[in-house]
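A.B. asks: Just passing along the structure, written as structure tokens.
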Amino acid sequence: MIPFYNLEPQHDMARRELDAAYARVMKQSSFILGVELESFEKAFADYCESDFCVGVGNGLEAIALALKAFGIGPGDDVLVPSHTFIATWLGATQIGARPIPVEPDPQTYNIDPNRLKDALTPKTKAIIPVHLYGQPADMVSIMAFAHQHDLIVIEDAAQAQGATIKGQKVGSFGHAAAFSFYPTKNLGALGDSGAITTSDPYINKKLRQLRNYGSEKKYEHAILAGNSRLDELQAAFLHAKLSFLNQWNNERRAIAAFYTDRLQDIPGIRVPFVPNWNDPVWHQYVINVEDRNTLAACLNDQGIGTMVHYPIPCHLQPAYRGTHGNEKLPIAEQLSKDVLSLPMWPGMSEAEKENIVAMIHNMAHA
């Protein structure tokens, strides 16, 4: 059996640091908005080449709170990728804005900057580009477009901690960036967690109010807000793992290079395209397959786990059928039928990688 994902090798490598983090938090007996969170926020801001980091409950709330901090809400439109996890859309919907889908570049699967203009409405206030599968979106073009049209850019970097564009970290291009630390992310907590990075001091202050009942000082509430706080234990775990992130990302790059080298000449399979300005961190390794369902079923029969990201486009989900169900988004719809994610995690053995590509070759030539 080769699972789709396996956290054991990472946790074995970081076990001493994780155990120390747990013991430290227990001894301090401080579990909300304490020194562990403050320490992690500073370290992660530095890692992302941003001035500030604000820890929150999860990646969806990171998107919603980032939009809200910039004053975006009911009556506003937000440009979002048509091919993404639904959290990108829900972040806009949650604060009363309307997601406006933009089709992806068929090569990279990321939002296509050349399609942004056609999606603009008089009510458009923001863009949420997603660094999908750990591959950065074309932030240079997106930021130029946003500047031209006076739009806020919130990067959805949930899958791309550590990815770079010409050496610059994702999360440092937009006005703010939303991160998820869901356990299987490149930097994953041991539960739900998220964060927002920004270099705007006013937005940093606003976000800290929005995540904590509108309060900066206990029992004083400046604005109407909710509760979305990254707790001390998860912050300590994330800080412990952060020191391993570059190593783990490099392992992902090596696995991706292996897959690409061994699968690129198989008829009916297209390996990921990576622009030369782009250094992905390979949250997922996603191939495009003419007969995706057959290959997935065959691999599953042989004990090799795969996944489809994402089998139902957002506009066809029951939650959005009433508002977007009649839209024609052929690229997203075709990708939902063709893409297949292969096993990818730091610590994969050579035997596991060889077994996966050998099985794909055997099936392709059967």
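Letters for chains follow the order of the structure tokens (A, B, ...), residue numbers begin at 1 for each chain, and ligand numbers begin at 1 in the order shown.
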Report as a tab-separated table the residues of range 270-290 of chain A within 12 Å of range 99-105 of chain A, each with its shortest atom pair and distance in Å (one decimal), using only C-alpha atoms, ordered by chain and increasing residue number.
C.D. replies:
```
residue	atom	partner	partner_atom	distance
A:Phe273	CA	A:Asp105	CA	10.7
A:Val274	CA	A:Asp105	CA	11.8
A:Pro275	CA	A:Asp105	CA	11.7
```
A.B. asks: As a PyMOL selection string, list the residues of range 48-173 of chain A assigned to helix (DSSP H, G or I) by DSSP on the backbone atoms of this structure.
C.D. replies: chain A and resi 59-69+87-94+113-119+132-134+139-149
A.B. asks: Based on the selection just made, write C-alpha atoms of those residues as an mmCIF file, in the first residue's frame.
C.D. replies:
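Result file follows (out_38.cif):
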```cif
data_model
loop_
_atom_site.group_PDB
_atom_site.id
_atom_site.type_symbol
_atom_site.label_atom_id
_atom_site.label_comp_id
_atom_site.auth_asym_id
_atom_site.auth_seq_id
_atom_site.Cartn_x
_atom_site.Cartn_y
_atom_site.Cartn_z
ATOM 1 C CA GLY A 59 -7.499 29.408 6.058
ATOM 2 C CA LEU A 60 -11.088 30.294 5.165
ATOM 3 C CA GLU A 61 -11.295 32.823 7.975
ATOM 4 C CA ALA A 62 -7.930 34.207 6.887
ATOM 5 C CA ILE A 63 -9.437 35.045 3.478
ATOM 6 C CA ALA A 64 -12.652 36.478 4.912
ATOM 7 C CA LEU A 65 -10.926 38.590 7.567
ATOM 8 C CA ALA A 66 -8.354 39.907 5.109
ATOM 9 C CA LEU A 67 -11.128 41.099 2.779
ATOM 10 C CA LYS A 68 -13.057 42.578 5.688
ATOM 11 C CA ALA A 69 -10.002 44.436 6.973
ATOM 12 C CA ALA A 87 -12.785 28.196 0.447
ATOM 13 C CA THR A 88 -11.524 30.873 -1.965
ATOM 14 C CA TRP A 89 -15.108 31.608 -3.037
ATOM 15 C CA LEU A 90 -16.546 31.199 0.457
ATOM 16 C CA GLY A 91 -14.144 33.782 1.829
ATOM 17 C CA ALA A 92 -15.838 36.396 -0.340
ATOM 18 C CA THR A 93 -19.346 35.058 0.237
ATOM 19 C CA GLN A 94 -18.854 34.955 4.004
ATOM 20 C CA PRO A 113 -4.244 37.557 -15.856
ATOM 21 C CA ASN A 114 -5.332 38.040 -19.480
ATOM 22 C CA ARG A 115 -8.927 37.227 -18.518
ATOM 23 C CA LEU A 116 -9.201 39.655 -15.600
ATOM 24 C CA LYS A 117 -10.316 42.617 -17.686
ATOM 25 C CA ASP A 118 -13.304 40.799 -19.138
ATOM 26 C CA ALA A 119 -14.430 39.804 -15.634
ATOM 27 C CA LEU A 132 -2.702 26.465 -6.742
ATOM 28 C CA TYR A 133 -1.021 23.161 -5.906
ATOM 29 C CA GLY A 134 1.949 25.160 -4.573
ATOM 30 C CA MET A 139 1.657 38.018 -9.389
ATOM 31 C CA VAL A 140 3.643 40.547 -11.423
ATOM 32 C CA SER A 141 0.898 40.761 -14.045
ATOM 33 C CA ILE A 142 -1.886 40.553 -11.471
ATOM 34 C CA MET A 143 -0.453 43.364 -9.351
ATOM 35 C CA ALA A 144 0.007 45.555 -12.437
ATOM 36 C CA PHE A 145 -3.644 45.006 -13.362
ATOM 37 C CA ALA A 146 -4.780 45.655 -9.789
ATOM 38 C CA HIS A 147 -2.814 48.906 -9.629
ATOM 39 C CA GLN A 148 -4.315 50.038 -12.933
ATOM 40 C CA HIS A 149 -7.863 49.420 -11.687
#
```
A.B. asks: Tell me which of A:Leu151, A:Cys53, A:Leu230, A:Val357 sits closest to Phe181 in chain A, counting only C-alpha atoms.
C.D. replies: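 The shortest atom-to-atom distance to Phe181 in chain A comes from A:Leu230.
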A.B. asks: Which residues are close to range 316-319 of chain A, i.e. within 12 Å by only C-alpha atoms, leaving aside same-chain residues fewer than 6 positions away? Reply as a list in words.
C.D. replies: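 Returned residues: Ser82, His83, Phe85, Ile86, Ala87, Trp89, Leu90, Thr93, Pro101, Tyr310, Gly325, Asn326, Glu327, Lys328, Leu329, Pro330, Ala332, Glu333 and Ser336 of chain A.
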A.B. asks: Show which residues sit within 9 Å of Met348 in chain A, as a VMD selection string. Count only C-alpha atoms, and ignore same-chain residues fewer than 3 positions away.
C.D. replies: chain A and resid 6 9 251 255 343 to 345 351 to 353
A.B. asks: Where in range 87-249 of chain A does DSSP assign strand (DSSP E or B), given as a ChimeraX atom specification?
C.D. replies: /A:98-102,104,111,124-127,130,152-156,164-165,168-169,176-180,194-198,212,215-217,220-221,227
A.B. asks: Write out the residues from the selection above, keeping N, CA and C atoms, as an mmCIF file, in the first residue's frame.
C.D. replies:
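As a result, again-v1.cif now contains:
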```cif
data_model
loop_
_atom_site.group_PDB
_atom_site.id
_atom_site.type_symbol
_atom_site.label_atom_id
_atom_site.label_comp_id
_atom_site.auth_asym_id
_atom_site.auth_seq_id
_atom_site.Cartn_x
_atom_site.Cartn_y
_atom_site.Cartn_z
ATOM 1 N N ARG A 98 -19.612 39.236 -3.614
ATOM 2 C CA ARG A 98 -19.972 38.269 -4.660
ATOM 3 C C ARG A 98 -18.719 37.795 -5.382
ATOM 4 N N PRO A 99 -18.442 36.478 -5.359
ATOM 5 C CA PRO A 99 -17.295 35.969 -6.129
ATOM 6 C C PRO A 99 -17.598 35.989 -7.616
ATOM 7 N N ILE A 100 -16.667 36.524 -8.399
ATOM 8 C CA ILE A 100 -16.781 36.565 -9.860
ATOM 9 C C ILE A 100 -15.690 35.655 -10.423
ATOM 10 N N PRO A 101 -16.057 34.519 -11.021
ATOM 11 C CA PRO A 101 -15.029 33.561 -11.451
ATOM 12 C C PRO A 101 -14.275 33.997 -12.697
ATOM 13 N N VAL A 102 -12.988 33.705 -12.688
ATOM 14 C CA VAL A 102 -12.093 33.963 -13.820
ATOM 15 C C VAL A 102 -11.435 32.640 -14.180
ATOM 16 N N PRO A 104 -8.833 29.766 -15.616
ATOM 17 C CA PRO A 104 -7.382 29.642 -15.451
ATOM 18 C C PRO A 104 -6.621 29.626 -16.768
ATOM 19 N N ILE A 111 -5.149 31.320 -12.077
ATOM 20 C CA ILE A 111 -5.962 32.383 -12.653
ATOM 21 C C ILE A 111 -5.203 33.080 -13.778
ATOM 22 N N THR A 124 -16.381 45.712 -8.767
ATOM 23 C CA THR A 124 -15.196 44.916 -8.418
ATOM 24 C C THR A 124 -14.267 45.705 -7.505
ATOM 25 N N LYS A 125 -13.913 45.098 -6.378
ATOM 26 C CA LYS A 125 -13.041 45.763 -5.400
ATOM 27 C C LYS A 125 -11.756 44.993 -5.119
ATOM 28 N N ALA A 126 -11.721 43.702 -5.479
ATOM 29 C CA ALA A 126 -10.556 42.903 -5.078
ATOM 30 C C ALA A 126 -10.371 41.712 -6.007
ATOM 31 N N ILE A 127 -9.156 41.160 -5.940
ATOM 32 C CA ILE A 127 -8.805 39.923 -6.636
ATOM 33 C C ILE A 127 -8.212 38.969 -5.598
ATOM 34 N N VAL A 130 -4.991 32.501 -6.464
ATOM 35 C CA VAL A 130 -4.600 31.327 -5.678
ATOM 36 C C VAL A 130 -3.301 30.758 -6.244
ATOM 37 N N ILE A 152 -7.798 45.772 -4.552
ATOM 38 C CA ILE A 152 -7.059 45.111 -3.485
ATOM 39 C C ILE A 152 -6.741 43.678 -3.918
ATOM 40 N N VAL A 153 -5.544 43.209 -3.608
ATOM 41 C CA VAL A 153 -5.149 41.838 -3.929
ATOM 42 C C VAL A 153 -4.866 41.074 -2.643
ATOM 43 N N ILE A 154 -5.643 40.010 -2.440
ATOM 44 C CA ILE A 154 -5.413 39.101 -1.317
ATOM 45 C C ILE A 154 -4.914 37.781 -1.901
ATOM 46 N N GLU A 155 -3.666 37.447 -1.685
ATOM 47 C CA GLU A 155 -3.134 36.170 -2.165
ATOM 48 C C GLU A 155 -3.701 35.021 -1.332
ATOM 49 N N ASP A 156 -4.235 34.016 -1.996
ATOM 50 C CA ASP A 156 -4.589 32.777 -1.316
ATOM 51 C C ASP A 156 -3.377 31.854 -1.442
ATOM 52 N N THR A 164 8.294 30.761 -4.482
ATOM 53 C CA THR A 164 8.847 32.064 -4.850
ATOM 54 C C THR A 164 8.608 32.387 -6.321
ATOM 55 N N ILE A 165 8.619 33.685 -6.601
ATOM 56 C CA ILE A 165 8.591 34.221 -7.962
ATOM 57 C C ILE A 165 9.841 35.070 -8.125
ATOM 58 N N GLN A 168 11.350 35.970 -4.867
ATOM 59 C CA GLN A 168 10.535 36.648 -3.855
ATOM 60 C C GLN A 168 9.413 35.723 -3.393
ATOM 61 N N LYS A 169 9.221 35.653 -2.078
ATOM 62 C CA LYS A 169 8.248 34.730 -1.497
ATOM 63 C C LYS A 169 6.808 35.140 -1.835
ATOM 64 N N ALA A 176 -2.272 41.742 1.082
ATOM 65 C CA ALA A 176 -2.243 40.786 2.187
ATOM 66 C C ALA A 176 -2.272 39.395 1.584
ATOM 67 N N ALA A 177 -1.993 38.394 2.412
ATOM 68 C CA ALA A 177 -2.035 37.004 1.947
ATOM 69 C C ALA A 177 -2.650 36.126 3.024
ATOM 70 N N ALA A 178 -3.457 35.169 2.584
ATOM 71 C CA ALA A 178 -4.113 34.237 3.503
ATOM 72 C C ALA A 178 -3.443 32.874 3.409
ATOM 73 N N PHE A 179 -3.147 32.303 4.568
ATOM 74 C CA PHE A 179 -2.503 30.988 4.643
ATOM 75 C C PHE A 179 -3.372 30.026 5.447
ATOM 76 N N SER A 180 -3.350 28.775 5.040
ATOM 77 C CA SER A 180 -3.936 27.698 5.826
ATOM 78 C C SER A 180 -2.809 26.821 6.352
ATOM 79 N N GLY A 194 -4.688 29.021 10.722
ATOM 80 C CA GLY A 194 -4.432 29.863 9.564
ATOM 81 C C GLY A 194 -3.711 31.127 9.970
ATOM 82 N N ALA A 195 -3.380 31.947 8.972
ATOM 83 C CA ALA A 195 -2.698 33.214 9.249
ATOM 84 C C ALA A 195 -2.855 34.151 8.068
ATOM 85 N N ILE A 196 -2.643 35.421 8.338
ATOM 86 C CA ILE A 196 -2.651 36.466 7.311
ATOM 87 C C ILE A 196 -1.345 37.231 7.425
ATOM 88 N N THR A 197 -0.674 37.440 6.309
ATOM 89 C CA THR A 197 0.515 38.295 6.291
ATOM 90 C C THR A 197 0.191 39.582 5.559
ATOM 91 N N THR A 198 0.835 40.661 5.987
ATOM 92 C CA THR A 198 0.683 41.965 5.348
ATOM 93 C C THR A 198 1.852 42.843 5.779
ATOM 94 N N ASN A 212 -10.385 39.043 17.368
ATOM 95 C CA ASN A 212 -10.495 38.972 18.832
ATOM 96 C C ASN A 212 -11.603 39.878 19.360
ATOM 97 N N SER A 215 -11.335 43.677 19.827
ATOM 98 C CA SER A 215 -10.646 44.195 21.008
ATOM 99 C C SER A 215 -9.132 44.117 20.874
ATOM 100 N N GLU A 216 -8.459 45.153 21.307
ATOM 101 C CA GLU A 216 -7.011 45.124 21.501
ATOM 102 C C GLU A 216 -6.677 45.130 22.990
ATOM 103 N N LYS A 217 -7.584 45.659 23.792
ATOM 104 C CA LYS A 217 -7.416 45.725 25.238
ATOM 105 C C LYS A 217 -8.601 45.014 25.881
ATOM 106 N N GLU A 220 -12.441 46.023 26.181
ATOM 107 C CA GLU A 220 -12.701 47.220 25.368
ATOM 108 C C GLU A 220 -12.810 46.779 23.915
ATOM 109 N N HIS A 221 -13.958 47.021 23.277
ATOM 110 C CA HIS A 221 -14.267 46.481 21.957
ATOM 111 C C HIS A 221 -14.527 47.634 20.987
ATOM 112 N N ASN A 227 -14.526 35.906 16.582
ATOM 113 C CA ASN A 227 -13.451 35.234 17.306
ATOM 114 C C ASN A 227 -12.793 34.223 16.370
#
```
A.B. asks: Which of these residues is nearest to Leu340 in chain A, using only C-alpha atoms: A:Met359, A:His365, A:Leu33, A:Gly305?
C.D. replies: A:Gly305
A.B. asks: CA of Asn58 in chain A and CA of Thr184 in chain A are how many Å apart?
C.D. replies: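 Computed distance, CA of Asn58 in chain A to CA of Thr184 in chain A, equals 13.1 Å.
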